[in-house]
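Undergrad: For reference, the file entry13.pdb (PDB, N, CA and C atoms, pLDDT in the B column) is included below:
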```
ATOM      1  N   MET A   1       0.832  -1.167   0.000  1.00 82.00           N
ATOM      2  CA  MET A   1       0.000   0.000   0.000  1.00 82.00           C
ATOM      3  C   MET A   1       0.890   1.248   0.000  1.00 82.00           C
ATOM      4  N   LYS A   2       0.620   2.176  -0.874  1.00 94.00           N
ATOM      5  CA  LYS A   2       1.401   3.413  -0.972  1.00 94.00           C
ATOM      6  C   LYS A   2       1.234   4.263   0.286  1.00 94.00           C
ATOM      7  N   TYR A   3       2.287   5.043   0.587  1.00 97.00           N
ATOM      8  CA  TYR A   3       2.253   5.955   1.725  1.00 97.00           C
ATOM      9  C   TYR A   3       2.899   7.267   1.311  1.00 97.00           C
ATOM     10  N   ASN A   4       2.117   8.330   1.274  1.00 96.00           N
ATOM     11  CA  ASN A   4       2.607   9.656   0.867  1.00 96.00           C
ATOM     12  C   ASN A   4       3.378   9.615  -0.447  1.00 96.00           C
ATOM     13  N   GLY A   5       2.935   8.796  -1.368  1.00 96.00           N
ATOM     14  CA  GLY A   5       3.563   8.700  -2.683  1.00 96.00           C
ATOM     15  C   GLY A   5       4.724   7.731  -2.778  1.00 96.00           C
ATOM     16  N   TRP A   6       5.101   7.109  -1.663  1.00 98.00           N
ATOM     17  CA  TRP A   6       6.208   6.145  -1.634  1.00 98.00           C
ATOM     18  C   TRP A   6       5.648   4.731  -1.533  1.00 98.00           C
ATOM     19  N   THR A   7       6.484   3.738  -1.796  1.00 97.00           N
ATOM     20  CA  THR A   7       6.062   2.335  -1.776  1.00 97.00           C
ATOM     21  C   THR A   7       5.340   1.966  -0.489  1.00 97.00           C
ATOM     22  N   ASN A   8       5.878   2.403   0.638  1.00 98.00           N
ATOM     23  CA  ASN A   8       5.291   2.081   1.943  1.00 98.00           C
ATOM     24  C   ASN A   8       5.812   3.084   2.972  1.00 98.00           C
ATOM     25  N   ARG A   9       5.318   2.946   4.193  1.00 97.00           N
ATOM     26  CA  ARG A   9       5.700   3.897   5.235  1.00 97.00           C
ATOM     27  C   ARG A   9       7.192   3.797   5.585  1.00 97.00           C
ATOM     28  N   GLU A  10       7.735   2.597   5.579  1.00 97.00           N
ATOM     29  CA  GLU A  10       9.147   2.416   5.903  1.00 97.00           C
ATOM     30  C   GLU A  10      10.036   3.172   4.919  1.00 97.00           C
ATOM     31  N   THR A  11       9.712   3.078   3.635  1.00 98.00           N
ATOM     32  CA  THR A  11      10.479   3.781   2.608  1.00 98.00           C
ATOM     33  C   THR A  11      10.345   5.285   2.791  1.00 98.00           C
ATOM     34  N   TRP A  12       9.139   5.742   3.032  1.00 97.00           N
ATOM     35  CA  TRP A  12       8.887   7.164   3.260  1.00 97.00           C
ATOM     36  C   TRP A  12       9.688   7.680   4.456  1.00 97.00           C
ATOM     37  N   LEU A  13       9.703   6.918   5.563  1.00 96.00           N
ATOM     38  CA  LEU A  13      10.421   7.345   6.757  1.00 96.00           C
ATOM     39  C   LEU A  13      11.924   7.437   6.537  1.00 96.00           C
ATOM     40  N   VAL A  14      12.489   6.459   5.863  1.00 96.00           N
ATOM     41  CA  VAL A  14      13.932   6.516   5.585  1.00 96.00           C
ATOM     42  C   VAL A  14      14.230   7.755   4.758  1.00 96.00           C
ATOM     43  N   ASN A  15      13.433   8.014   3.736  1.00 96.00           N
ATOM     44  CA  ASN A  15      13.657   9.216   2.933  1.00 96.00           C
ATOM     45  C   ASN A  15      13.449  10.483   3.760  1.00 96.00           C
ATOM     46  N   LEU A  16      12.445  10.494   4.603  1.00 96.00           N
ATOM     47  CA  LEU A  16      12.181  11.663   5.447  1.00 96.00           C
ATOM     48  C   LEU A  16      13.385  11.996   6.318  1.00 96.00           C
ATOM     49  N   TRP A  17      13.960  10.987   6.947  1.00 94.00           N
ATOM     50  CA  TRP A  17      15.068  11.211   7.880  1.00 94.00           C
ATOM     51  C   TRP A  17      16.414  11.387   7.199  1.00 94.00           C
ATOM     52  N   LEU A  18      16.610  10.771   6.037  1.00 93.00           N
ATOM     53  CA  LEU A  18      17.921  10.825   5.381  1.00 93.00           C
ATOM     54  C   LEU A  18      17.956  11.726   4.156  1.00 93.00           C
ATOM     55  N   GLY A  19      16.833  12.291   3.763  1.00 91.00           N
ATOM     56  CA  GLY A  19      16.760  13.076   2.540  1.00 91.00           C
ATOM     57  C   GLY A  19      17.742  14.220   2.475  1.00 91.00           C
ATOM     58  N   ASP A  20      17.907  14.971   3.569  1.00 90.00           N
ATOM     59  CA  ASP A  20      18.854  16.093   3.567  1.00 90.00           C
ATOM     60  C   ASP A  20      20.274  15.609   3.318  1.00 90.00           C
ATOM     61  N   SER A  21      20.647  14.526   3.969  1.00 87.00           N
ATOM     62  CA  SER A  21      21.989  13.965   3.787  1.00 87.00           C
ATOM     63  C   SER A  21      22.187  13.485   2.349  1.00 87.00           C
ATOM     64  N   LEU A  22      21.182  12.819   1.795  1.00 88.00           N
ATOM     65  CA  LEU A  22      21.298  12.323   0.428  1.00 88.00           C
ATOM     66  C   LEU A  22      21.350  13.475  -0.572  1.00 88.00           C
ATOM     67  N   THR A  23      20.606  14.543  -0.312  1.00 87.00           N
ATOM     68  CA  THR A  23      20.648  15.724  -1.171  1.00 87.00           C
ATOM     69  C   THR A  23      22.046  16.331  -1.157  1.00 87.00           C
ATOM     70  N   THR A  24      22.673  16.377   0.015  1.00 87.00           N
ATOM     71  CA  THR A  24      24.038  16.881   0.131  1.00 87.00           C
ATOM     72  C   THR A  24      24.997  15.997  -0.653  1.00 87.00           C
ATOM     73  N   ASP A  25      24.821  14.689  -0.554  1.00 80.00           N
ATOM     74  CA  ASP A  25      25.682  13.765  -1.296  1.00 80.00           C
ATOM     75  C   ASP A  25      25.548  13.980  -2.797  1.00 80.00           C
ATOM     76  N   VAL A  26      24.315  14.190  -3.268  1.00 79.00           N
ATOM     77  CA  VAL A  26      24.091  14.440  -4.688  1.00 79.00           C
ATOM     78  C   VAL A  26      24.769  15.743  -5.085  1.00 79.00           C
ATOM     79  N   GLY A  27      24.659  16.753  -4.221  1.00 79.00           N
ATOM     80  CA  GLY A  27      25.281  18.048  -4.503  1.00 79.00           C
ATOM     81  C   GLY A  27      26.794  17.971  -4.606  1.00 79.00           C
ATOM     82  N   SER A  28      27.386  16.979  -3.949  1.00 81.00           N
ATOM     83  CA  SER A  28      28.840  16.800  -4.028  1.00 81.00           C
ATOM     84  C   SER A  28      29.224  15.843  -5.153  1.00 81.00           C
ATOM     85  N   SER A  29      28.277  15.604  -6.048  1.00 76.00           N
ATOM     86  CA  SER A  29      28.477  14.749  -7.225  1.00 76.00           C
ATOM     87  C   SER A  29      28.696  13.284  -6.883  1.00 76.00           C
ATOM     88  N   MET A  30      28.310  12.873  -5.692  1.00 79.00           N
ATOM     89  CA  MET A  30      28.409  11.464  -5.331  1.00 79.00           C
ATOM     90  C   MET A  30      27.309  10.693  -6.053  1.00 79.00           C
ATOM     91  N   GLU A  31      27.643   9.535  -6.564  1.00 81.00           N
ATOM     92  CA  GLU A  31      26.667   8.692  -7.229  1.00 81.00           C
ATOM     93  C   GLU A  31      25.829   7.963  -6.181  1.00 81.00           C
ATOM     94  N   ILE A  32      24.538   8.152  -6.232  1.00 85.00           N
ATOM     95  CA  ILE A  32      23.628   7.545  -5.263  1.00 85.00           C
ATOM     96  C   ILE A  32      23.047   6.277  -5.868  1.00 85.00           C
ATOM     97  N   ASP A  33      23.184   5.161  -5.155  1.00 92.00           N
ATOM     98  CA  ASP A  33      22.515   3.928  -5.556  1.00 92.00           C
ATOM     99  C   ASP A  33      21.892   3.278  -4.328  1.00 92.00           C
ATOM    100  N   ALA A  34      21.131   2.214  -4.546  1.00 96.00           N
ATOM    101  CA  ALA A  34      20.394   1.573  -3.463  1.00 96.00           C
ATOM    102  C   ALA A  34      21.319   1.090  -2.348  1.00 96.00           C
ATOM    103  N   ALA A  35      22.463   0.546  -2.705  1.00 95.00           N
ATOM    104  CA  ALA A  35      23.403   0.048  -1.690  1.00 95.00           C
ATOM    105  C   ALA A  35      23.923   1.190  -0.821  1.00 95.00           C
ATOM    106  N   TRP A  36      24.167   2.341  -1.421  1.00 92.00           N
ATOM    107  CA  TRP A  36      24.655   3.496  -0.666  1.00 92.00           C
ATOM    108  C   TRP A  36      23.589   3.990   0.307  1.00 92.00           C
ATOM    109  N   VAL A  37      22.348   4.095  -0.153  1.00 94.00           N
ATOM    110  CA  VAL A  37      21.259   4.560   0.711  1.00 94.00           C
ATOM    111  C   VAL A  37      21.097   3.619   1.899  1.00 94.00           C
ATOM    112  N   LYS A  38      21.143   2.321   1.638  1.00 95.00           N
ATOM    113  CA  LYS A  38      21.015   1.330   2.714  1.00 95.00           C
ATOM    114  C   LYS A  38      22.176   1.445   3.697  1.00 95.00           C
ATOM    115  N   GLU A  39      23.373   1.645   3.192  1.00 92.00           N
ATOM    116  CA  GLU A  39      24.548   1.781   4.054  1.00 92.00           C
ATOM    117  C   GLU A  39      24.432   3.015   4.955  1.00 92.00           C
ATOM    118  N   VAL A  40      23.985   4.121   4.394  1.00 90.00           N
ATOM    119  CA  VAL A  40      23.807   5.343   5.180  1.00 90.00           C
ATOM    120  C   VAL A  40      22.789   5.097   6.287  1.00 90.00           C
ATOM    121  N   ALA A  41      21.675   4.471   5.961  1.00 92.00           N
ATOM    122  CA  ALA A  41      20.642   4.178   6.963  1.00 92.00           C
ATOM    123  C   ALA A  41      21.178   3.261   8.051  1.00 92.00           C
ATOM    124  N   GLU A  42      21.891   2.231   7.677  1.00 89.00           N
ATOM    125  CA  GLU A  42      22.442   1.293   8.650  1.00 89.00           C
ATOM    126  C   GLU A  42      23.469   1.966   9.554  1.00 89.00           C
ATOM    127  N   ASP A  43      24.271   2.861   9.004  1.00 87.00           N
ATOM    128  CA  ASP A  43      25.249   3.589   9.825  1.00 87.00           C
ATOM    129  C   ASP A  43      24.540   4.435  10.887  1.00 87.00           C
ATOM    130  N   VAL A  44      23.482   5.111  10.497  1.00 85.00           N
ATOM    131  CA  VAL A  44      22.719   5.926  11.445  1.00 85.00           C
ATOM    132  C   VAL A  44      22.116   5.046  12.534  1.00 85.00           C
ATOM    133  N   ILE A  45      21.543   3.940  12.141  1.00 85.00           N
ATOM    134  CA  ILE A  45      20.887   3.046  13.102  1.00 85.00           C
ATOM    135  C   ILE A  45      21.895   2.381  14.015  1.00 85.00           C
ATOM    136  N   ASN A  46      23.015   1.945  13.471  1.00 81.00           N
ATOM    137  CA  ASN A  46      24.031   1.285  14.298  1.00 81.00           C
ATOM    138  C   ASN A  46      24.589   2.217  15.356  1.00 81.00           C
ATOM    139  N   GLY A  47      24.590   3.502  15.090  1.00 75.00           N
ATOM    140  CA  GLY A  47      25.053   4.468  16.071  1.00 75.00           C
ATOM    141  C   GLY A  47      24.052   4.731  17.173  1.00 75.00           C
ATOM    142  N   ALA A  48      22.808   4.320  16.957  1.00 76.00           N
ATOM    143  CA  ALA A  48      21.748   4.632  17.917  1.00 76.00           C
ATOM    144  C   ALA A  48      21.207   3.424  18.676  1.00 76.00           C
ATOM    145  N   VAL A  49      21.404   2.227  18.151  1.00 76.00           N
ATOM    146  CA  VAL A  49      20.787   1.034  18.733  1.00 76.00           C
ATOM    147  C   VAL A  49      21.833  -0.061  18.887  1.00 76.00           C
ATOM    148  N   SER A  50      21.758  -0.786  19.996  1.00 72.00           N
ATOM    149  CA  SER A  50      22.678  -1.914  20.183  1.00 72.00           C
ATOM    150  C   SER A  50      22.364  -2.997  19.155  1.00 72.00           C
ATOM    151  N   ASP A  51      23.301  -3.902  18.966  1.00 71.00           N
ATOM    152  CA  ASP A  51      23.145  -4.949  17.958  1.00 71.00           C
ATOM    153  C   ASP A  51      22.145  -6.028  18.345  1.00 71.00           C
ATOM    154  N   PHE A  52      21.765  -6.068  19.586  1.00 76.00           N
ATOM    155  CA  PHE A  52      20.879  -7.132  20.046  1.00 76.00           C
ATOM    156  C   PHE A  52      19.701  -6.540  20.804  1.00 76.00           C
ATOM    157  N   GLY A  53      18.603  -7.226  20.763  1.00 84.00           N
ATOM    158  CA  GLY A  53      17.463  -6.795  21.547  1.00 84.00           C
ATOM    159  C   GLY A  53      16.242  -6.508  20.698  1.00 84.00           C
ATOM    160  N   LEU A  54      15.190  -6.172  21.374  1.00 88.00           N
ATOM    161  CA  LEU A  54      13.902  -5.939  20.733  1.00 88.00           C
ATOM    162  C   LEU A  54      13.987  -4.811  19.702  1.00 88.00           C
ATOM    163  N   ALA A  55      14.563  -3.679  20.081  1.00 83.00           N
ATOM    164  CA  ALA A  55      14.635  -2.538  19.160  1.00 83.00           C
ATOM    165  C   ALA A  55      15.395  -2.905  17.891  1.00 83.00           C
ATOM    166  N   SER A  56      16.498  -3.596  18.032  1.00 82.00           N
ATOM    167  CA  SER A  56      17.293  -4.011  16.885  1.00 82.00           C
ATOM    168  C   SER A  56      16.496  -4.949  15.980  1.00 82.00           C
ATOM    169  N   ASP A  57      15.816  -5.914  16.566  1.00 87.00           N
ATOM    170  CA  ASP A  57      15.015  -6.852  15.785  1.00 87.00           C
ATOM    171  C   ASP A  57      13.883  -6.145  15.043  1.00 87.00           C
ATOM    172  N   LEU A  58      13.220  -5.224  15.708  1.00 89.00           N
ATOM    173  CA  LEU A  58      12.129  -4.484  15.066  1.00 89.00           C
ATOM    174  C   LEU A  58      12.649  -3.616  13.927  1.00 89.00           C
ATOM    175  N   LEU A  59      13.793  -2.985  14.130  1.00 88.00           N
ATOM    176  CA  LEU A  59      14.376  -2.167  13.066  1.00 88.00           C
ATOM    177  C   LEU A  59      14.766  -3.011  11.853  1.00 88.00           C
ATOM    178  N   GLU A  60      15.322  -4.173  12.094  1.00 88.00           N
ATOM    179  CA  GLU A  60      15.685  -5.063  10.990  1.00 88.00           C
ATOM    180  C   GLU A  60      14.468  -5.450  10.177  1.00 88.00           C
ATOM    181  N   MET A  61      13.355  -5.730  10.877  1.00 93.00           N
ATOM    182  CA  MET A  61      12.112  -6.077  10.187  1.00 93.00           C
ATOM    183  C   MET A  61      11.618  -4.904   9.342  1.00 93.00           C
ATOM    184  N   ALA A  62      11.670  -3.708   9.905  1.00 94.00           N
ATOM    185  CA  ALA A  62      11.207  -2.529   9.171  1.00 94.00           C
ATOM    186  C   ALA A  62      12.102  -2.255   7.961  1.00 94.00           C
ATOM    187  N   LEU A  63      13.413  -2.361   8.150  1.00 94.00           N
ATOM    188  CA  LEU A  63      14.343  -2.090   7.056  1.00 94.00           C
ATOM    189  C   LEU A  63      14.198  -3.084   5.912  1.00 94.00           C
ATOM    190  N   ALA A  64      13.752  -4.279   6.218  1.00 96.00           N
ATOM    191  CA  ALA A  64      13.527  -5.283   5.175  1.00 96.00           C
ATOM    192  C   ALA A  64      12.416  -4.847   4.219  1.00 96.00           C
ATOM    193  N   ASN A  65      11.559  -3.937   4.655  1.00 97.00           N
ATOM    194  CA  ASN A  65      10.452  -3.470   3.823  1.00 97.00           C
ATOM    195  C   ASN A  65      10.779  -2.215   3.021  1.00 97.00           C
ATOM    196  N   VAL A  66      11.946  -1.617   3.254  1.00 98.00           N
ATOM    197  CA  VAL A  66      12.305  -0.382   2.567  1.00 98.00           C
ATOM    198  C   VAL A  66      12.633  -0.672   1.106  1.00 98.00           C
ATOM    199  N   ASN A  67      12.117   0.161   0.230  1.00 98.00           N
ATOM    200  CA  ASN A  67      12.433   0.067  -1.189  1.00 98.00           C
ATOM    201  C   ASN A  67      13.634   0.977  -1.450  1.00 98.00           C
ATOM    202  N   TRP A  68      14.822   0.426  -1.280  1.00 97.00           N
ATOM    203  CA  TRP A  68      16.071   1.183  -1.384  1.00 97.00           C
ATOM    204  C   TRP A  68      16.240   1.764  -2.782  1.00 97.00           C
ATOM    205  N   GLU A  69      15.865   1.018  -3.788  1.00 97.00           N
ATOM    206  CA  GLU A  69      16.006   1.477  -5.167  1.00 97.00           C
ATOM    207  C   GLU A  69      15.116   2.682  -5.437  1.00 97.00           C
ATOM    208  N   GLU A  70      13.921   2.702  -4.868  1.00 97.00           N
ATOM    209  CA  GLU A  70      13.031   3.842  -5.057  1.00 97.00           C
ATOM    210  C   GLU A  70      13.650   5.122  -4.487  1.00 97.00           C
ATOM    211  N   ILE A  71      14.232   5.020  -3.305  1.00 97.00           N
ATOM    212  CA  ILE A  71      14.866   6.184  -2.704  1.00 97.00           C
ATOM    213  C   ILE A  71      16.060   6.628  -3.547  1.00 97.00           C
ATOM    214  N   ALA A  72      16.894   5.684  -3.935  1.00 95.00           N
ATOM    215  CA  ALA A  72      18.074   6.027  -4.738  1.00 95.00           C
ATOM    216  C   ALA A  72      17.673   6.696  -6.044  1.00 95.00           C
ATOM    217  N   SER A  73      16.643   6.172  -6.701  1.00 94.00           N
ATOM    218  CA  SER A  73      16.236   6.753  -7.985  1.00 94.00           C
ATOM    219  C   SER A  73      15.706   8.164  -7.820  1.00 94.00           C
ATOM    220  N   HIS A  74      15.186   8.472  -6.653  1.00 93.00           N
ATOM    221  CA  HIS A  74      14.693   9.822  -6.354  1.00 93.00           C
ATOM    222  C   HIS A  74      15.847  10.839  -6.338  1.00 93.00           C
ATOM    223  N   TYR A  75      17.058  10.388  -6.029  1.00 88.00           N
ATOM    224  CA  TYR A  75      18.218  11.270  -5.913  1.00 88.00           C
ATOM    225  C   TYR A  75      19.242  11.102  -7.026  1.00 88.00           C
ATOM    226  N   LYS A  76      18.980  10.244  -7.979  1.00 81.00           N
ATOM    227  CA  LYS A  76      19.967  10.010  -9.039  1.00 81.00           C
ATOM    228  C   LYS A  76      20.200  11.252  -9.864  1.00 81.00           C
ATOM    229  N   ASN A  77      21.460  11.461 -10.229  1.00 59.00           N
ATOM    230  CA  ASN A  77      21.829  12.533 -11.155  1.00 59.00           C
ATOM    231  C   ASN A  77      21.559  12.069 -12.575  1.00 59.00           C
ATOM    232  N   ASP A  78      20.646  12.735 -13.230  1.00 46.00           N
ATOM    233  CA  ASP A  78      20.346  12.352 -14.624  1.00 46.00           C
ATOM    234  C   ASP A  78      20.874  13.361 -15.598  1.00 46.00           C
TER     235      ASP A  78
END
```
Could you render the structure from this file as structure tokens?
TA:
Amino acid sequence: MKYNGWTNRETWLVNLWLGDSLTTDVGSSMEIDAAWVKEVAEDVINGAVSDFGLASDLLEMALANVNWEEIASHYKND
């Protein structure tokens, strides 16, 4: 089910929280792809949550639903 024009709420949230950073990366001529977006998200999460426990498990489940390619294509330099 779509959420605010994105594939789902998880994808929308990742873009909401990381969009400014990704825009900066695009401005510095960095090539944005799905793997890069996922890595940026994981770095942010790893800095905030321990590797084990309920919060970590719930985040992993949510991240599995993110459409990384959709976010990357939103920031691609064409």
Undergrad: Find the residues around Ala62 in chain A up to 10 Å (only C-alpha atoms counted), leave out those fewer than 4 positions away in its own chain, and share them as a ChimeraX atom specification.
TA: /A:9-11,56-58,66
Undergrad: Using the chain letters and numbers from this file, what does the PyMOL selection byres (((chain A and resi 16-18 and name CA) around 12) and name CA) select? Give the answer as a PDB file with N, CA and C atoms, in the frame of the given file.
TA:
```
ATOM      1  N   ASN A   4       2.117   8.330   1.274  1.00 96.00           N
ATOM      2  CA  ASN A   4       2.607   9.656   0.867  1.00 96.00           C
ATOM      3  C   ASN A   4       3.378   9.615  -0.447  1.00 96.00           C
ATOM      4  N   TRP A   6       5.101   7.109  -1.663  1.00 98.00           N
ATOM      5  CA  TRP A   6       6.208   6.145  -1.634  1.00 98.00           C
ATOM      6  C   TRP A   6       5.648   4.731  -1.533  1.00 98.00           C
ATOM      7  N   ARG A   9       5.318   2.946   4.193  1.00 97.00           N
ATOM      8  CA  ARG A   9       5.700   3.897   5.235  1.00 97.00           C
ATOM      9  C   ARG A   9       7.192   3.797   5.585  1.00 97.00           C
ATOM     10  N   GLU A  10       7.735   2.597   5.579  1.00 97.00           N
ATOM     11  CA  GLU A  10       9.147   2.416   5.903  1.00 97.00           C
ATOM     12  C   GLU A  10      10.036   3.172   4.919  1.00 97.00           C
ATOM     13  N   THR A  11       9.712   3.078   3.635  1.00 98.00           N
ATOM     14  CA  THR A  11      10.479   3.781   2.608  1.00 98.00           C
ATOM     15  C   THR A  11      10.345   5.285   2.791  1.00 98.00           C
ATOM     16  N   TRP A  12       9.139   5.742   3.032  1.00 97.00           N
ATOM     17  CA  TRP A  12       8.887   7.164   3.260  1.00 97.00           C
ATOM     18  C   TRP A  12       9.688   7.680   4.456  1.00 97.00           C
ATOM     19  N   LEU A  13       9.703   6.918   5.563  1.00 96.00           N
ATOM     20  CA  LEU A  13      10.421   7.345   6.757  1.00 96.00           C
ATOM     21  C   LEU A  13      11.924   7.437   6.537  1.00 96.00           C
ATOM     22  N   VAL A  14      12.489   6.459   5.863  1.00 96.00           N
ATOM     23  CA  VAL A  14      13.932   6.516   5.585  1.00 96.00           C
ATOM     24  C   VAL A  14      14.230   7.755   4.758  1.00 96.00           C
ATOM     25  N   ASN A  15      13.433   8.014   3.736  1.00 96.00           N
ATOM     26  CA  ASN A  15      13.657   9.216   2.933  1.00 96.00           C
ATOM     27  C   ASN A  15      13.449  10.483   3.760  1.00 96.00           C
ATOM     28  N   GLY A  19      16.833  12.291   3.763  1.00 91.00           N
ATOM     29  CA  GLY A  19      16.760  13.076   2.540  1.00 91.00           C
ATOM     30  C   GLY A  19      17.742  14.220   2.475  1.00 91.00           C
ATOM     31  N   ASP A  20      17.907  14.971   3.569  1.00 90.00           N
ATOM     32  CA  ASP A  20      18.854  16.093   3.567  1.00 90.00           C
ATOM     33  C   ASP A  20      20.274  15.609   3.318  1.00 90.00           C
ATOM     34  N   SER A  21      20.647  14.526   3.969  1.00 87.00           N
ATOM     35  CA  SER A  21      21.989  13.965   3.787  1.00 87.00           C
ATOM     36  C   SER A  21      22.187  13.485   2.349  1.00 87.00           C
ATOM     37  N   LEU A  22      21.182  12.819   1.795  1.00 88.00           N
ATOM     38  CA  LEU A  22      21.298  12.323   0.428  1.00 88.00           C
ATOM     39  C   LEU A  22      21.350  13.475  -0.572  1.00 88.00           C
ATOM     40  N   THR A  23      20.606  14.543  -0.312  1.00 87.00           N
ATOM     41  CA  THR A  23      20.648  15.724  -1.171  1.00 87.00           C
ATOM     42  C   THR A  23      22.046  16.331  -1.157  1.00 87.00           C
ATOM     43  N   THR A  24      22.673  16.377   0.015  1.00 87.00           N
ATOM     44  CA  THR A  24      24.038  16.881   0.131  1.00 87.00           C
ATOM     45  C   THR A  24      24.997  15.997  -0.653  1.00 87.00           C
ATOM     46  N   ASP A  25      24.821  14.689  -0.554  1.00 80.00           N
ATOM     47  CA  ASP A  25      25.682  13.765  -1.296  1.00 80.00           C
ATOM     48  C   ASP A  25      25.548  13.980  -2.797  1.00 80.00           C
ATOM     49  N   TRP A  36      24.167   2.341  -1.421  1.00 92.00           N
ATOM     50  CA  TRP A  36      24.655   3.496  -0.666  1.00 92.00           C
ATOM     51  C   TRP A  36      23.589   3.990   0.307  1.00 92.00           C
ATOM     52  N   VAL A  37      22.348   4.095  -0.153  1.00 94.00           N
ATOM     53  CA  VAL A  37      21.259   4.560   0.711  1.00 94.00           C
ATOM     54  C   VAL A  37      21.097   3.619   1.899  1.00 94.00           C
ATOM     55  N   LYS A  38      21.143   2.321   1.638  1.00 95.00           N
ATOM     56  CA  LYS A  38      21.015   1.330   2.714  1.00 95.00           C
ATOM     57  C   LYS A  38      22.176   1.445   3.697  1.00 95.00           C
ATOM     58  N   GLU A  39      23.373   1.645   3.192  1.00 92.00           N
ATOM     59  CA  GLU A  39      24.548   1.781   4.054  1.00 92.00           C
ATOM     60  C   GLU A  39      24.432   3.015   4.955  1.00 92.00           C
ATOM     61  N   VAL A  40      23.985   4.121   4.394  1.00 90.00           N
ATOM     62  CA  VAL A  40      23.807   5.343   5.180  1.00 90.00           C
ATOM     63  C   VAL A  40      22.789   5.097   6.287  1.00 90.00           C
ATOM     64  N   ALA A  41      21.675   4.471   5.961  1.00 92.00           N
ATOM     65  CA  ALA A  41      20.642   4.178   6.963  1.00 92.00           C
ATOM     66  C   ALA A  41      21.178   3.261   8.051  1.00 92.00           C
ATOM     67  N   GLU A  42      21.891   2.231   7.677  1.00 89.00           N
ATOM     68  CA  GLU A  42      22.442   1.293   8.650  1.00 89.00           C
ATOM     69  C   GLU A  42      23.469   1.966   9.554  1.00 89.00           C
ATOM     70  N   ASP A  43      24.271   2.861   9.004  1.00 87.00           N
ATOM     71  CA  ASP A  43      25.249   3.589   9.825  1.00 87.00           C
ATOM     72  C   ASP A  43      24.540   4.435  10.887  1.00 87.00           C
ATOM     73  N   VAL A  44      23.482   5.111  10.497  1.00 85.00           N
ATOM     74  CA  VAL A  44      22.719   5.926  11.445  1.00 85.00           C
ATOM     75  C   VAL A  44      22.116   5.046  12.534  1.00 85.00           C
ATOM     76  N   ILE A  45      21.543   3.940  12.141  1.00 85.00           N
ATOM     77  CA  ILE A  45      20.887   3.046  13.102  1.00 85.00           C
ATOM     78  C   ILE A  45      21.895   2.381  14.015  1.00 85.00           C
ATOM     79  N   TRP A  68      14.822   0.426  -1.280  1.00 97.00           N
ATOM     80  CA  TRP A  68      16.071   1.183  -1.384  1.00 97.00           C
ATOM     81  C   TRP A  68      16.240   1.764  -2.782  1.00 97.00           C
ATOM     82  N   ILE A  71      14.232   5.020  -3.305  1.00 97.00           N
ATOM     83  CA  ILE A  71      14.866   6.184  -2.704  1.00 97.00           C
ATOM     84  C   ILE A  71      16.060   6.628  -3.547  1.00 97.00           C
ATOM     85  N   ALA A  72      16.894   5.684  -3.935  1.00 95.00           N
ATOM     86  CA  ALA A  72      18.074   6.027  -4.738  1.00 95.00           C
ATOM     87  C   ALA A  72      17.673   6.696  -6.044  1.00 95.00           C
ATOM     88  N   TYR A  75      17.058  10.388  -6.029  1.00 88.00           N
ATOM     89  CA  TYR A  75      18.218  11.270  -5.913  1.00 88.00           C
ATOM     90  C   TYR A  75      19.242  11.102  -7.026  1.00 88.00           C
TER      91      TYR A  75
END
```
Undergrad: Quote the spacing between atom C of Tyr3 in chain A and CA of Asn67 in chain A in Å to one decimal place.
TA: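 These atoms are spaced 12.2 Å apart.
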Undergrad: Just how far from CA of Glu69 in chain A is CA of Gly47 in chain A, in Å to one decimal?
TA: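 Separation of CA of Gly47 in chain A and CA of Glu69 in chain A: 23.3 Å.
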Undergrad: Just list the residues in range 22-70 of chain A DSSP gives alpha helix (DSSP H) on the backbone, as a PyMOL selection string.
TA: chain A and resi 22-27+34-46+54-63+68-70
Undergrad: What is the distance, in Å and to one decimal place, between atom N of Lys76 in chain A and CA of Asp33 in chain A?
TA: 7.6 Å
